[in-house]
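So this one's input.txt, compact mmCIF, C-alpha atoms and all ligand atoms:
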# COMPACT_ATOMS: atom_id res chain seq x y z
CA MET A 1 29.10 155.51 139.03
CA THR A 2 26.00 154.56 141.02
CA SER A 3 26.35 155.40 144.70
CA LYS A 4 26.13 152.57 147.18
CA THR A 5 24.01 153.10 150.27
CA LEU A 6 25.85 153.16 153.59
CA TYR A 7 23.98 153.30 156.89
CA ILE A 8 26.12 154.90 159.60
CA VAL A 9 24.71 153.93 163.00
CA VAL A 10 26.05 156.35 165.63
CA CYS A 11 25.94 155.51 169.36
CA GLY A 12 26.42 157.72 172.42
CA ALA A 13 30.19 157.93 172.96
CA PRO A 14 32.89 160.54 172.15
CA LEU A 15 33.67 159.07 168.71
CA ALA A 16 30.19 160.24 167.67
CA SER A 17 31.88 163.65 167.35
CA ARG A 18 33.43 162.38 164.07
CA ALA A 19 30.12 161.52 162.35
CA GLY A 20 30.37 164.51 160.01
CA ASP A 21 33.85 163.40 158.99
CA GLY A 22 32.37 159.99 158.30
CA VAL A 23 29.79 161.47 155.94
CA ARG A 24 32.50 163.31 153.98
CA ALA A 25 34.86 160.32 153.86
CA ALA A 26 32.07 157.98 152.79
CA ARG A 27 31.04 160.28 149.95
CA GLN A 28 34.63 160.53 148.74
CA HIS A 29 34.58 156.74 148.45
CA GLY A 30 31.38 156.58 146.44
CA TRP A 31 28.94 155.91 149.27
CA ASP A 32 25.60 157.61 149.81
CA PRO A 33 25.53 157.84 153.63
CA TYR A 34 22.47 157.85 155.92
CA LEU A 35 23.00 158.62 159.61
CA ILE A 36 21.05 156.52 162.10
CA PRO A 37 21.84 157.87 165.60
CA THR A 38 20.74 156.42 168.90
CA ASP A 39 19.03 158.81 171.31
CA ALA A 40 22.23 158.96 173.35
CA ALA A 41 24.24 160.04 170.27
CA MET A 42 22.10 163.08 169.50
CA SER A 43 23.95 165.53 171.74
CA TRP A 44 27.24 164.75 169.92
CA LEU A 45 25.62 165.42 166.53
CA ALA A 46 24.07 168.74 167.49
CA ASP A 47 26.95 171.08 166.58
CA GLN A 48 28.43 169.14 163.68
CA ASP A 49 28.39 169.83 159.97
CA LEU A 50 26.76 166.63 158.75
CA GLY A 51 26.85 167.66 155.09
CA ASP A 52 23.05 167.54 154.85
CA ALA A 53 23.15 163.77 155.12
CA PRO A 54 19.73 162.34 156.06
CA VAL A 55 19.45 161.74 159.81
CA ILE A 56 16.93 158.99 160.46
CA THR A 57 15.52 158.88 163.98
CA GLY A 58 12.65 157.06 165.64
CA SER A 59 10.42 154.46 164.10
CA ARG A 60 8.46 155.38 161.02
CA ASN A 61 4.71 155.67 161.08
CA PRO A 62 3.14 152.47 159.66
CA ASN A 63 1.59 154.57 156.86
CA GLN A 64 4.90 156.28 156.04
CA LEU A 65 7.00 155.17 153.08
CA ARG A 66 10.45 153.68 153.71
CA ARG A 67 12.87 156.46 154.62
CA THR A 68 16.02 154.84 153.26
CA PRO A 69 17.01 152.67 150.31
CA PRO A 70 18.23 149.19 151.30
CA ALA A 71 21.74 149.25 152.70
CA ASP A 72 24.70 147.96 150.72
CA ALA A 73 26.74 148.17 153.90
CA VAL A 74 26.50 149.33 157.50
CA ALA A 75 29.05 151.08 159.75
CA VAL A 76 28.55 151.28 163.52
CA VAL A 77 30.78 154.14 164.65
CA PRO A 78 31.09 154.27 167.57
CA MET A 79 29.50 151.14 169.01
CA THR A 80 28.81 151.58 172.73
CA PHE A 81 28.89 148.81 175.30
CA ASN A 82 25.12 149.09 175.52
CA THR A 83 24.48 148.72 171.78
CA LEU A 84 27.09 145.97 171.42
CA ASN A 85 25.34 143.79 173.98
CA ALA A 86 21.81 144.59 172.84
CA TRP A 87 22.69 143.83 169.21
CA ALA A 88 24.45 140.58 170.08
CA ILE A 89 21.44 139.18 171.95
CA GLY A 90 18.99 140.33 169.26
CA ASN A 91 17.34 143.20 171.09
CA ALA A 92 15.50 145.26 168.46
CA ASN A 93 13.57 147.74 170.60
CA THR A 94 14.89 150.94 168.95
CA TYR A 95 15.25 151.94 165.31
CA PRO A 96 19.07 151.72 165.34
CA LEU A 97 18.95 148.28 166.99
CA THR A 98 16.29 147.03 164.57
CA THR A 99 18.50 148.24 161.73
CA LEU A 100 21.52 146.42 163.16
CA CYS A 101 19.67 143.19 163.88
CA ALA A 102 18.25 143.18 160.35
CA ALA A 103 21.68 143.88 158.86
CA LEU A 104 23.17 140.98 160.76
CA GLY A 105 20.29 138.66 159.93
CA SER A 106 20.52 139.49 156.22
CA ARG A 107 24.34 139.27 156.28
CA THR A 108 24.66 142.83 154.98
CA PRO A 109 28.38 143.75 155.11
CA THR A 110 28.89 145.54 158.43
CA ALA A 111 31.84 147.04 160.28
CA ALA A 112 31.68 148.13 163.92
CA VAL A 113 34.05 150.16 166.10
CA PRO A 114 33.57 149.21 169.77
CA PHE A 115 34.24 152.16 172.04
CA ALA A 116 34.18 151.54 175.77
CA LYS A 117 36.46 152.23 178.69
CA ASN A 118 38.20 149.52 180.69
CA ASP A 119 35.58 149.36 183.43
CA LEU A 120 32.80 148.46 181.00
CA ALA A 121 34.98 146.14 178.93
CA GLY A 122 35.81 144.19 182.09
CA HIS A 123 32.22 142.98 182.21
CA PRO A 124 32.02 139.43 180.79
CA ALA A 125 29.35 140.47 178.29
CA TRP A 126 31.98 142.49 176.39
CA LEU A 127 33.95 139.48 175.17
CA ALA A 128 30.86 137.32 174.73
CA SER A 129 29.09 139.91 172.56
CA LEU A 130 32.18 140.61 170.46
CA ALA A 131 32.50 136.86 169.84
CA VAL A 132 28.87 136.66 168.68
CA LEU A 133 29.33 139.53 166.25
CA ARG A 134 32.56 138.16 164.84
CA TYR A 135 30.98 134.73 164.42
CA ALA A 136 28.23 136.38 162.39
CA GLY A 137 30.77 138.05 160.11
CA ILE A 138 30.81 141.58 161.50
CA ARG A 139 34.16 143.33 160.94
CA VAL A 140 35.15 144.52 164.40
CA ILE A 141 37.65 147.39 164.28
CA ASN A 142 39.98 148.60 167.03
CA PRO A 143 39.31 152.32 167.61
CA HIS A 144 42.99 152.96 168.40
CA ASP A 145 44.68 151.67 165.24
CA GLY A 146 42.14 150.13 162.86
CA SER A 147 43.23 146.57 163.59
CA THR A 148 40.65 143.82 163.04
CA THR A 149 42.46 141.19 165.09
CA SER A 150 42.04 142.74 168.54
CA VAL A 151 39.98 145.42 170.23
CA ASP A 152 41.42 147.52 173.02
CA PRO A 153 39.14 149.33 175.45
CA LEU A 154 39.94 152.92 176.39
CA GLU A 155 41.76 154.27 179.40
CA SER A 156 39.37 156.46 181.34
CA GLY A 157 39.48 160.08 180.13
CA THR A 158 41.01 159.34 176.72
CA GLY A 159 37.80 159.24 174.67
CA ASP A 160 38.27 162.59 172.95
CA GLN A 161 41.91 161.84 172.11
CA VAL A 162 41.09 158.43 170.63
CA ALA A 163 38.27 160.04 168.65
CA THR A 164 40.65 162.67 167.25
CA ASN A 165 43.16 160.03 166.10
CA PHE A 166 40.51 157.73 164.61
CA ARG A 167 40.50 157.39 160.80
CA TRP A 168 37.33 156.66 158.86
CA GLN A 169 39.49 155.01 156.23
CA TRP A 170 39.87 152.05 158.61
CA VAL A 171 36.12 151.44 158.37
CA LEU A 172 35.70 152.14 154.67
CA ASN A 173 38.61 149.83 153.83
CA GLN A 174 36.77 146.97 155.54
CA LEU A 175 33.52 147.54 153.70
CA GLU A 176 34.50 148.21 150.12
CA PRO A 177 36.17 144.86 149.40
CA GLN A 178 33.08 143.08 150.72
CA ILE A 179 30.89 144.99 148.30
CA ARG A 180 33.14 144.31 145.32
CA SER A 181 33.17 140.58 145.98
CA SER A 182 29.44 140.21 146.63
C1 LIG B 201 30.10 162.01 178.13
C2 LIG B 201 29.72 160.57 177.96
C3 LIG B 201 30.64 159.69 177.44
C4 LIG B 201 30.31 158.34 177.27
N1 LIG B 201 31.23 157.50 176.72
C5 LIG B 201 30.90 156.21 176.51
C6 LIG B 201 31.81 155.34 175.86
O1 LIG B 201 32.92 155.70 175.45
N2 LIG B 201 31.44 154.05 175.66
C7 LIG B 201 30.20 153.59 176.07
O2 LIG B 201 29.93 152.41 175.86
N3 LIG B 201 29.33 154.39 176.69
C8 LIG B 201 29.63 155.68 176.91
N4 LIG B 201 28.74 156.52 177.51
C9 LIG B 201 27.48 155.96 178.01
C10 LIG B 201 26.45 155.75 176.89
O3 LIG B 201 26.16 156.97 176.26
C11 LIG B 201 25.18 155.12 177.52
O4 LIG B 201 25.47 153.80 177.95
C12 LIG B 201 24.02 155.09 176.56
O5 LIG B 201 22.91 154.47 177.20
C13 LIG B 201 24.36 154.36 175.29
O6 LIG B 201 23.21 154.31 174.48
P1 LIG B 201 23.30 153.82 172.97
O7 LIG B 201 24.01 152.50 172.98
O8 LIG B 201 21.86 153.66 172.58
O9 LIG B 201 23.99 154.87 172.19
C14 LIG B 201 29.03 157.87 177.66
C15 LIG B 201 28.11 158.77 178.18
C16 LIG B 201 28.43 160.09 178.31
C17 LIG B 201 27.40 161.06 178.83
Before we go any further, please render this structure as structure tokens.
Amino acid sequence: MTSKTLYIVVCGAPLASRAGDGVRAARQHGWDPYLIPTDAAMSWLADQDLGDAPVITGSRNPNQLRRTPPADAVAVVPMTFNTLNAWAIGNANTYPLTTLCAALGSRTPTAAVPFAKNDLAGHPAWLASLAVLRYAGIRVINPHDGSTTSVDPLESGTGDQVATNFRWQWVLNQLEPQIRSS
């Protein structure tokens, strides 16, 4: 079977501690994963076993060859409040955001797991940005239970617990049917 390319964009929130698990789960499901962390995510990746998955950071030199094959699908796990809003308005001033804006513009199958505590989610941009992403076809996944019909923010101080209970299967289940039907 030919592997399908999965970009895993990782933002700076406690669920970034599960990126290595995401690499292993993706491979078990036939994906060839590439990690694309934001700067803020890097400290969560430092001590993880990432299974030697390529970690793509910073913009490439104009003379450098492409560092990744084209994506068959994209997972944004976790998606911070900051990246959610930047992506929704089309801000492409970092490599992860450029990747996300291009994925949305090309309608590449994408699933995102918003991860923000109540205080941030109370800002009106939260609902507005989620609506933009859903309108564009992004599968938005609740970090608590994998639901795609609602997204619950986190109680303050529960980030590590929610990250522990999170299942990568929730994300992979949303992406594989889209690939098969495309
Ligand atoms: C310990 C820690 C936990 C954080 N948890 C969250 C979080 O759960 N959700 C969130 O949106 N931001 C969280 N932040 C803040 C983001 O890391 C910060 O907004 C950062 O600028 C996000 O950048 P990025 O979107 O490029 O990853 C956390 C920061 C720290 C240091």
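Here atom C16 of ligand LIG 201 (chain B) stands at a distance of 20.6 Å from atom CA of Ala75 of chain A.
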Inset, instruction - List all protein, DNA and RNA residues that have at least one atom no more than 9 Å from any atom of ligand LIG 201 (chain B), counting all atoms listed in the file, and write them as a ChimeraX atom specification. - result: /A:10-15,37-42,78-86,94,96-97,114-117,120-121,153-154,156,158-159
Contacts of segment 51-115 of chain A with segment 16-33 of chain A up to 9 Å, shortest pair per row, all atoms listed in the file, as a Markdown table:
| residue | atom | partner | partner_atom | distance |
| --- | --- | --- | --- | --- |
| A:Gly51 | CA | A:Gly20 | CA | 6.8 |
| A:Ala53 | CA | A:Pro33 | CA | 6.6 |
| A:Pro54 | CA | A:Pro33 | CA | 7.7 |
| A:Val77 | CA | A:Ala16 | CA | 6.8 |
| A:Pro78 | CA | A:Ala16 | CA | 6.0 |
Inset, instruction - Could you tell me which of A:Asp72, A:Asp52, A:Asp160, A:Asp47 comes closest to Leu35 of chain A if we count all atoms listed in the file? - result: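 Using all atoms listed in the file, Leu35 of chain A sits closest to A:Asp52.
With distances taken over all atoms listed in the file, A:Leu175 is the one residue among A:Ala125, A:Leu175, A:Leu104, A:Ala46 lying closest to Thr5 of chain A.
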